>>> print(open('final.txt').read())   # compact mmCIF, C-alpha atoms
# COMPACT_ATOMS: atom_id res chain seq x y z
CA MET A 1 132.46 119.13 105.18
CA PRO A 2 128.84 118.39 106.15
CA GLU A 3 127.04 121.25 107.82
CA ILE A 4 125.96 121.16 111.45
CA VAL A 5 122.21 121.72 111.77
CA ASP A 6 119.47 121.86 114.36
CA ALA A 7 116.86 119.13 114.93
CA ALA A 8 114.31 120.65 112.55
CA ALA A 9 116.75 120.78 109.64
CA TYR A 10 118.04 117.30 110.41
CA ILE A 11 114.53 115.82 110.46
CA ALA A 12 113.67 117.59 107.19
CA ARG A 13 116.75 116.08 105.53
CA LEU A 14 115.92 112.68 107.07
CA LEU A 15 112.42 112.74 105.60
CA ALA A 16 113.82 113.62 102.18
CA ALA A 17 116.50 110.89 102.21
CA PRO A 18 116.11 107.77 100.00
CA ARG A 19 114.36 104.88 101.75
CA PRO A 20 114.93 101.64 99.81
CA GLY A 21 112.31 99.03 100.67
CA GLY A 22 109.98 101.57 102.22
CA GLU A 23 107.18 100.50 99.93
CA ASN A 24 107.06 97.16 101.73
CA VAL A 25 106.60 98.61 105.23
CA LEU A 26 102.97 98.53 106.35
CA ALA A 27 103.07 99.63 110.01
CA TYR A 28 105.42 99.55 112.99
CA TYR A 29 105.55 100.01 116.75
CA GLU A 30 108.43 101.41 118.81
CA HIS A 31 108.14 100.84 122.54
CA ARG A 32 110.01 103.98 123.63
CA LEU A 33 107.30 106.03 121.93
CA GLY A 34 104.35 103.73 122.59
CA LEU A 35 102.96 104.55 119.14
CA ILE A 36 102.20 102.77 115.87
CA GLY A 37 103.49 104.54 112.76
CA THR A 38 102.97 103.95 109.06
CA ASP A 39 105.58 106.25 107.45
CA PRO A 40 108.62 104.06 106.64
CA ARG A 41 110.92 107.09 106.77
CA LEU A 42 110.49 107.11 110.56
CA LEU A 43 111.13 103.42 111.10
CA LEU A 44 114.39 103.88 113.03
CA ILE A 45 116.39 102.14 115.76
CA PRO A 46 119.00 104.01 117.86
CA LEU A 47 122.49 103.12 116.72
CA ASP A 48 123.65 102.69 120.31
CA ASP A 49 121.08 99.94 120.90
CA HIS A 50 123.28 96.86 121.43
CA LEU A 51 120.87 95.15 119.02
CA VAL A 52 122.53 97.11 116.22
CA HIS A 53 126.26 97.05 116.95
CA ARG A 54 126.50 93.79 118.95
CA GLY A 55 123.70 91.67 117.51
CA ASP A 56 122.40 91.48 121.07
CA GLY A 57 118.74 90.65 120.67
CA VAL A 58 116.20 88.09 119.52
CA PHE A 59 113.43 88.07 116.96
CA GLU A 60 110.55 86.15 115.43
CA SER A 61 108.83 86.41 112.05
CA LEU A 62 105.16 85.50 111.77
CA LYS A 63 102.85 85.30 108.77
CA PHE A 64 99.26 86.44 108.52
CA VAL A 65 97.03 85.20 105.70
CA ASP A 66 93.45 86.28 105.01
CA GLY A 67 93.33 88.12 108.30
CA ARG A 68 94.73 85.28 110.44
CA LEU A 69 98.08 85.37 112.23
CA TYR A 70 99.63 81.91 112.33
CA GLN A 71 101.31 80.03 115.16
CA VAL A 72 101.20 82.94 117.60
CA ALA A 73 101.71 80.83 120.73
CA ALA A 74 104.49 78.74 119.19
CA HIS A 75 106.43 81.77 117.97
CA PHE A 76 106.22 83.65 121.25
CA GLU A 77 107.09 80.59 123.31
CA ARG A 78 110.24 80.15 121.20
CA MET A 79 111.02 83.85 121.44
CA ALA A 80 110.73 83.71 125.22
CA ARG A 81 113.15 80.75 125.28
CA SER A 82 115.62 82.58 123.05
CA ALA A 83 115.42 85.71 125.19
CA GLU A 84 115.89 83.74 128.40
CA ALA A 85 118.94 82.02 126.91
CA ILE A 86 120.68 85.40 126.52
CA TYR A 87 119.34 86.85 129.81
CA LEU A 88 117.00 89.28 128.10
CA SER A 89 113.38 90.24 128.79
CA PRO A 90 111.08 92.50 126.78
CA PRO A 91 110.15 95.90 128.20
CA CYS A 92 106.59 94.65 128.80
CA PRO A 93 105.04 91.21 129.47
CA TRP A 94 105.05 88.68 126.63
CA ASP A 95 101.26 88.62 126.38
CA GLU A 96 101.35 92.38 125.85
CA VAL A 97 103.97 91.91 123.11
CA ALA A 98 101.56 89.49 121.41
CA ARG A 99 98.67 91.97 121.67
CA LEU A 100 100.83 94.75 120.24
CA THR A 101 101.82 92.47 117.37
CA LEU A 102 98.17 91.93 116.46
CA ALA A 103 97.57 95.69 116.65
CA VAL A 104 100.46 96.37 114.25
CA CYS A 105 99.12 93.78 111.81
CA ARG A 106 95.70 95.47 111.90
CA ALA A 107 97.27 98.89 111.39
CA GLY A 108 98.97 97.64 108.23
CA GLY A 109 95.68 97.79 106.40
CA THR A 110 96.01 94.49 104.55
CA ASP A 111 94.84 91.00 105.42
CA THR A 112 98.00 89.19 104.27
CA GLY A 113 101.58 89.99 105.21
CA MET A 114 104.51 89.29 107.51
CA VAL A 115 105.34 90.73 110.91
CA ARG A 116 108.76 90.91 112.57
CA VAL A 117 109.02 91.18 116.36
CA ILE A 118 112.43 92.30 117.67
CA VAL A 119 113.58 92.59 121.29
CA GLY A 120 116.98 94.19 121.74
CA ARG A 121 119.22 94.92 124.69
CA GLY A 122 118.31 98.57 124.25
CA PRO A 123 120.17 101.86 123.78
CA GLY A 124 122.77 103.04 126.23
CA GLY A 125 126.23 102.97 124.70
CA PHE A 126 128.70 101.44 122.26
CA GLY A 127 130.40 99.07 124.68
CA ILE A 128 129.85 95.35 125.00
CA ASP A 129 128.56 95.18 128.59
CA PRO A 130 124.76 94.70 128.63
CA ALA A 131 124.69 96.62 131.92
CA GLU A 132 125.02 99.94 130.08
CA CYS A 133 121.55 99.43 128.57
CA PRO A 134 118.91 100.33 131.20
CA THR A 135 115.80 99.30 129.23
CA PRO A 136 115.34 96.64 126.51
CA SER A 137 113.95 97.76 123.17
CA LEU A 138 110.90 96.40 121.38
CA THR A 139 110.16 97.01 117.71
CA ILE A 140 107.35 95.36 115.75
CA VAL A 141 107.09 95.76 111.97
CA ALA A 142 104.39 94.54 109.61
CA TYR A 143 105.53 94.32 106.01
CA ARG A 144 104.35 93.01 102.67
CA PHE A 145 104.49 89.29 101.97
CA HIS A 146 106.00 88.24 98.64
CA PRO A 147 105.39 84.48 98.41
CA ARG A 148 106.97 82.28 95.82
CA PRO A 149 104.73 81.81 92.77
CA ALA A 150 102.53 78.74 92.60
CA ALA A 151 104.74 77.38 89.81
CA ALA A 152 107.61 76.95 92.28
CA PHE A 153 105.52 74.53 94.31
CA GLU A 154 104.50 72.66 91.18
CA ARG A 155 108.00 72.19 89.80
CA GLY A 156 110.06 72.30 93.03
CA VAL A 157 113.32 74.11 93.78
CA THR A 158 117.05 73.44 93.87
CA ALA A 159 119.49 73.25 96.78
CA PHE A 160 123.21 72.72 97.32
CA ARG A 161 125.73 72.15 100.09
CA THR A 162 126.96 75.56 101.20
CA SER A 163 130.55 76.21 102.21
CA ILE A 164 129.30 78.00 105.34
CA PRO A 165 129.28 75.67 108.37
CA ALA A 166 126.36 75.32 110.76
CA LYS A 167 126.35 77.50 113.85
CA GLN A 168 127.67 76.20 117.14
CA ASN A 169 125.23 74.03 119.03
CA TYR A 170 124.12 76.54 121.65
CA LEU A 171 123.87 79.46 119.18
CA ALA A 172 121.95 77.51 116.56
CA ARG A 173 119.08 76.95 118.97
CA ILE A 174 118.69 80.65 119.79
CA LYS A 175 116.85 82.82 117.27
CA SER A 176 119.13 85.79 117.78
CA ILE A 177 119.68 88.83 115.60
CA ASP A 178 123.17 87.53 114.72
CA TYR A 179 122.36 85.97 111.34
CA LEU A 180 125.68 86.60 109.61
CA PRO A 181 126.27 82.90 108.71
CA ASN A 182 122.72 82.76 107.33
CA VAL A 183 123.34 85.90 105.29
CA LEU A 184 126.53 84.39 103.82
CA MET A 185 124.68 81.19 102.96
CA ARG A 186 122.01 83.17 101.13
CA ARG A 187 124.67 85.18 99.28
CA GLU A 188 126.42 82.02 98.16
CA ALA A 189 123.14 80.57 96.85
CA THR A 190 122.48 83.70 94.82
CA GLU A 191 125.99 83.66 93.37
CA ARG A 192 125.63 80.02 92.34
CA GLY A 193 122.16 80.47 90.86
CA GLU A 194 120.66 78.02 93.35
CA ASP A 195 117.44 78.44 95.29
CA TYR A 196 118.44 77.23 98.76
CA PRO A 197 121.64 76.49 100.68
CA VAL A 198 121.99 73.55 103.08
CA CYS A 199 124.60 73.58 105.84
CA TYR A 200 126.28 70.81 107.84
CA ASP A 201 127.82 70.69 111.30
CA ASP A 202 131.44 69.91 112.14
CA LYS A 203 130.68 66.17 112.30
CA GLY A 204 129.23 66.15 108.79
CA PHE A 205 125.57 65.95 109.78
CA LEU A 206 122.87 67.91 107.97
CA ALA A 207 121.79 70.93 110.04
CA GLU A 208 119.45 73.40 108.28
CA GLY A 209 118.98 75.92 105.51
CA ALA A 210 119.55 79.68 105.76
CA THR A 211 116.12 80.27 107.29
CA GLU A 212 114.40 76.89 107.02
CA ASN A 213 114.51 73.37 108.35
CA ILE A 214 115.39 70.60 105.89
CA CYS A 215 113.68 67.18 105.98
CA LEU A 216 113.71 63.97 103.94
CA VAL A 217 111.45 61.08 103.11
CA ASP A 218 113.76 58.07 103.08
CA GLY A 219 113.63 54.96 100.92
CA ARG A 220 111.36 53.25 103.46
CA GLY A 221 108.85 56.08 103.29
CA ARG A 222 109.68 57.51 106.71
CA PHE A 223 109.69 61.25 107.39
CA ILE A 224 113.23 62.00 108.55
CA VAL A 225 113.93 65.11 110.62
CA PRO A 226 117.66 65.80 111.11
CA GLU A 227 118.47 65.97 114.81
CA LEU A 228 118.09 69.56 115.96
CA ASN A 229 121.50 69.82 117.60
CA ASN A 230 122.84 72.50 115.27
CA ALA A 231 119.57 73.82 113.95
CA LEU A 232 116.70 75.97 115.14
CA ARG A 233 113.59 74.12 116.26
CA GLY A 234 111.26 75.39 113.55
CA THR A 235 107.67 76.25 114.43
CA THR A 236 106.54 75.15 110.96
CA LEU A 237 108.49 71.91 111.24
CA MET A 238 107.00 70.96 114.59
CA ARG A 239 103.47 71.85 113.47
CA ALA A 240 103.96 69.78 110.30
CA VAL A 241 104.94 66.78 112.42
CA GLU A 242 101.74 67.23 114.44
CA LEU A 243 99.60 67.55 111.31
CA LEU A 244 101.07 64.37 109.79
CA GLY A 245 99.73 62.46 112.77
CA ASP A 246 99.90 58.72 112.25
CA ASP A 247 99.94 58.99 108.44
CA ILE A 248 103.68 58.44 108.28
CA GLU A 249 106.41 57.34 110.64
CA VAL A 250 108.42 60.34 111.87
CA VAL A 251 112.03 59.80 112.88
CA PHE A 252 114.42 62.35 114.42
CA ALA A 253 117.88 61.11 113.50
CA PRO A 254 121.35 62.30 112.42
CA VAL A 255 121.50 62.63 108.63
CA ARG A 256 124.62 62.56 106.48
CA GLU A 257 124.73 63.97 102.99
CA GLU A 258 124.83 60.51 101.39
CA ALA A 259 121.27 59.88 102.59
CA ILE A 260 119.95 62.45 100.14
CA ALA A 261 120.92 60.27 97.18
CA GLU A 262 118.67 57.49 98.56
CA ALA A 263 115.78 59.77 99.57
CA ARG A 264 112.39 59.77 97.91
CA GLU A 265 111.81 63.41 98.83
CA MET A 266 113.66 66.40 100.24
CA MET A 267 111.93 69.56 101.40
CA ILE A 268 112.24 72.83 103.26
CA LEU A 269 109.83 73.87 106.00
CA GLY A 270 109.53 77.45 107.19
CA THR A 271 107.18 80.30 107.96
CA THR A 272 107.33 81.96 104.55
CA ASN A 273 106.72 79.01 102.21
CA ASP A 274 105.23 76.42 104.60
CA CYS A 275 106.61 73.39 102.74
CA LEU A 276 108.46 73.38 99.44
CA SER A 277 109.97 70.41 97.58
CA ILE A 278 113.67 70.32 96.74
CA VAL A 279 113.85 68.36 93.49
CA ARG A 280 117.56 68.80 92.69
CA TYR A 281 120.44 68.77 95.17
CA ASN A 282 124.03 69.53 94.13
CA GLY A 283 122.85 69.25 90.54
CA ALA A 284 121.40 65.73 90.88
CA PRO A 285 117.70 64.85 91.06
CA VAL A 286 116.17 63.97 94.41
CA GLY A 287 113.95 60.91 94.04
CA ASP A 288 112.23 61.15 90.66
CA GLY A 289 113.09 64.85 90.38
CA LYS A 290 109.53 65.99 91.04
CA PRO A 291 107.66 67.27 94.12
CA GLY A 292 106.54 64.26 96.12
CA PRO A 293 103.27 63.34 97.84
CA VAL A 294 104.48 63.96 101.40
CA SER A 295 105.63 67.51 100.73
CA ARG A 296 102.36 68.23 98.94
CA ARG A 297 100.37 66.81 101.83
CA ILE A 298 102.25 68.91 104.37
CA LYS A 299 101.76 72.07 102.31
CA GLU A 300 98.02 71.43 101.98
CA ARG A 301 97.60 70.76 105.69
CA LEU A 302 99.57 73.82 106.74
CA VAL A 303 97.50 76.06 104.47
CA ALA A 304 94.30 74.58 105.90
CA ASP A 305 95.66 74.96 109.44
CA ILE A 306 96.30 78.68 108.94
CA ALA A 307 92.67 79.16 107.88
CA ALA A 308 91.31 77.02 110.72
CA ASN A 309 93.58 78.01 113.61
CA GLY A 310 95.21 81.34 112.82
CA VAL A 311 94.43 84.14 115.28
CA VAL A 312 92.07 86.72 113.79
CA ILE A 313 93.75 90.11 113.54
>>> encode(input="final.txt", output="structure tokens")
Amino acid sequence: MPEIVDAAAYIARLLAAPRPGGENVLAYYEHRLGLIGTDPRLLLIPLDDHLVHRGDGVFESLKFVDGRLYQVAAHFERMARSAEAIYLSPPCPWDEVARLTLAVCRAGGTDTGMVRVIVGRGPGGFGIDPAECPTPSLTIVAYRFHPRPAAAFERGVTAFRTSIPAKQNYLARIKSIDYLPNVLMRREATERGEDYPVCYDDKGFLAEGATENICLVDGRGRFIVPELNNALRGTTLMRAVELLGDDIEVVFAPVREEAIAEAREMMILGTTNDCLSIVRYNGAPVGDGKPGPVSRRIKERLVADIAANGVVI
């Protein structure tokens, strides 16, 4: 049987315990303490926070490159919408959350990385009623960014239709902690040796990837965005549409799987990779089987936009 120990002995054992992934943690903030830490062994969340055992919380992931944090306003506006949708507020004003996020990025000691902002229902019990949690939790973590190699953008990636269905309409549009369907999609992709999964809703319309939006360039050269009924409204997607301007006609429309066979291009858009061409889908080439000009243009403009408009950390 395990021994019963005092706090000092418990903390000593905690600090000696294995910490997989700790090498990627740069800095973190925990609102109950009001401090920024850098030792990954102390990056902890109370188990009775409903965030942990009920998935009751929301999050955003932002990228900073060369000392500039990208799409700050867009990410926090979406996070506020997600929180409001589940009747949750952070333990401090949103503008303070944004300032704390910048401080954590600075404390990480590197000019390029990722930062995860998590607001949970807070600790208070193991029931399901949010009322048992008196104060919401806030955790901010800066961690190392491991981008795909340049070769992936030159040759493109593969995708397939996952067996996991899209989330229900109202859940798909909330960036909540409950990412179990997304996790299962990613697992299926790994098992199949594919790069990215693509899911569909119950009416057979294309929804999204595990953590990215999916778009097409159709045979007429139009930029087709699947209707965002069962998909998250991506910050990268919406910024890409703005950056395309009048260069190409943009159409938000329902997309069935058959449209991919007629498409010139297929691509993913998301915070981590900006824009990445899908050159094979379900084993068949998309278009000419090579990254297309629209996806390249979007990638170039997003990279330039980060440098020009990212918030200095």
>>> atom_distance(input="final.txt", atom1="atom CA of A:Thr190", atom2="atom CA of A:Pro149")
18.0 Å
>>> closest_residue(input="final.txt", among="A:Ala142, A:Ala80, A:Ile36, A:Leu69", to="A:Glu23", atoms="all atoms listed in the file")
A:Ala142
>>> closest_residue(input="final.txt", among="A:Asp288, A:Glu265, A:Glu242, A:Glu191", to="A:Ile214", atoms="all atoms listed in the file")
A:Glu265
>>> atom_distance(input="final.txt", atom1="atom CA of A:Leu44", atom2="atom CA of A:Val141")
11.0 Å
>>> atom_distance(input="final.txt", atom1="atom CA of A:Val250", atom2="atom CA of A:Arg173")
21.0 Å
>>> closest_residue(input="final.txt", among="A:Ala207, A:Val294, A:Asn273, A:Ile128", to="A:Val241", atoms="only C-alpha atoms")
A:Val294
>>> residues_near_point(input="final.txt", point="(120.1, 87.5, 117.5)", cutoff="8 Å", atoms="all atoms listed in the file", output="VMD selection string")
chain A and resid 51 55 to 59 174 to 179
>>> closest_atom_pairs(input="final.txt", of="stretch 197-270 of chain A", to="stretch 160-169 of chain A", cutoff="8 Å", atoms="all atoms listed in the file", output="JSON lines")
{"residue": "A:Pro197", "atom": "CA", "partner": "A:Phe160", "partner_atom": "CA", "distance": 5.3}
{"residue": "A:Val198", "atom": "CA", "partner": "A:Arg161", "partner_atom": "CA", "distance": 5.0}
{"residue": "A:Cys199", "atom": "CA", "partner": "A:Ala166", "partner_atom": "CA", "distance": 5.5}
{"residue": "A:Tyr200", "atom": "CA", "partner": "A:Ala166", "partner_atom": "CA", "distance": 5.4}
{"residue": "A:Asp201", "atom": "CA", "partner": "A:Ala166", "partner_atom": "CA", "distance": 4.9}
{"residue": "A:Asp202", "atom": "CA", "partner": "A:Pro165", "partner_atom": "CA", "distance": 7.2}
{"residue": "A:Ala207", "atom": "CA", "partner": "A:Ala166", "partner_atom": "CA", "distance": 6.4}
{"residue": "A:Glu208", "atom": "CA", "partner": "A:Ala166", "partner_atom": "CA", "distance": 7.6}
{"residue": "A:Asn229", "atom": "CA", "partner": "A:Asn169", "partner_atom": "CA", "distance": 5.8}
{"residue": "A:Asn230", "atom": "CA", "partner": "A:Asn169", "partner_atom": "CA", "distance": 4.7}
{"residue": "A:Ala231", "atom": "CA", "partner": "A:Asn169", "partner_atom": "CA", "distance": 7.6}
>>> closest_residue(input="final.txt", among="A:Ile4, A:Ala253, A:Ala152, A:Ile260", to="A:Pro291", atoms="only C-alpha atoms")
A:Ala152
>>> closest_residue(input="final.txt", among="A:Thr101, A:Asn182, A:Ser89, A:Asn282", to="A:His75", atoms="only C-alpha atoms")
A:Thr101
>>> residues_near_point(input="final.txt", point="(124.2, 97.0, 119.4)", cutoff="12 Å", atoms="all atoms listed in the file", output="NGL selection string")
:A and (45-58 or 119-130 or 132-133 or 136-137 or 177-178)
>>> closest_residue(input="final.txt", among="A:Ala210, A:Cys92, A:Val65, A:Ala189", to="A:Ala304", atoms="all atoms listed in the file")
A:Val65
>>> residues_around(input="final.txt", residues="stretch 220-222 of chain A", least_positions_apart="2", cutoff="9 Å", atoms="all atoms listed in the file", output="PyMOL selection string")
chain A and resi 216-218+224+248-251+263-264
>>> write_last_selection(input="final.txt", atoms="C-alpha atoms", output="mmCIF file, keeping the file's coordinate frame")
data_model
loop_
_atom_site.group_PDB
_atom_site.id
_atom_site.type_symbol
_atom_site.label_atom_id
_atom_site.label_comp_id
_atom_site.auth_asym_id
_atom_site.auth_seq_id
_atom_site.Cartn_x
_atom_site.Cartn_y
_atom_site.Cartn_z
ATOM 1 C CA LEU A 216 113.710 63.970 103.940
ATOM 2 C CA VAL A 217 111.450 61.080 103.110
ATOM 3 C CA ASP A 218 113.760 58.070 103.080
ATOM 4 C CA ILE A 224 113.230 62.000 108.550
ATOM 5 C CA ILE A 248 103.680 58.440 108.280
ATOM 6 C CA GLU A 249 106.410 57.340 110.640
ATOM 7 C CA VAL A 250 108.420 60.340 111.870
ATOM 8 C CA VAL A 251 112.030 59.800 112.880
ATOM 9 C CA ALA A 263 115.780 59.770 99.570
ATOM 10 C CA ARG A 264 112.390 59.770 97.910
#
>>> residues_around(input="final.txt", residues="stretch 6-12 of chain A", least_positions_apart="5", cutoff="12 Å", atoms="only C-alpha atoms", output="JSON, numbers by chain")
{"A": [17, 41, 42]}
>>> write_last_selection(input="final.txt", atoms="C-alpha atoms", output="PDB file, keeping the file's coordinate frame")
ATOM      1  CA  ALA A  17     116.500 110.890 102.210  1.00  0.00           C
ATOM      2  CA  ARG A  41     110.920 107.090 106.770  1.00  0.00           C
ATOM      3  CA  LEU A  42     110.490 107.110 110.560  1.00  0.00           C
TER       4      LEU A  42
END
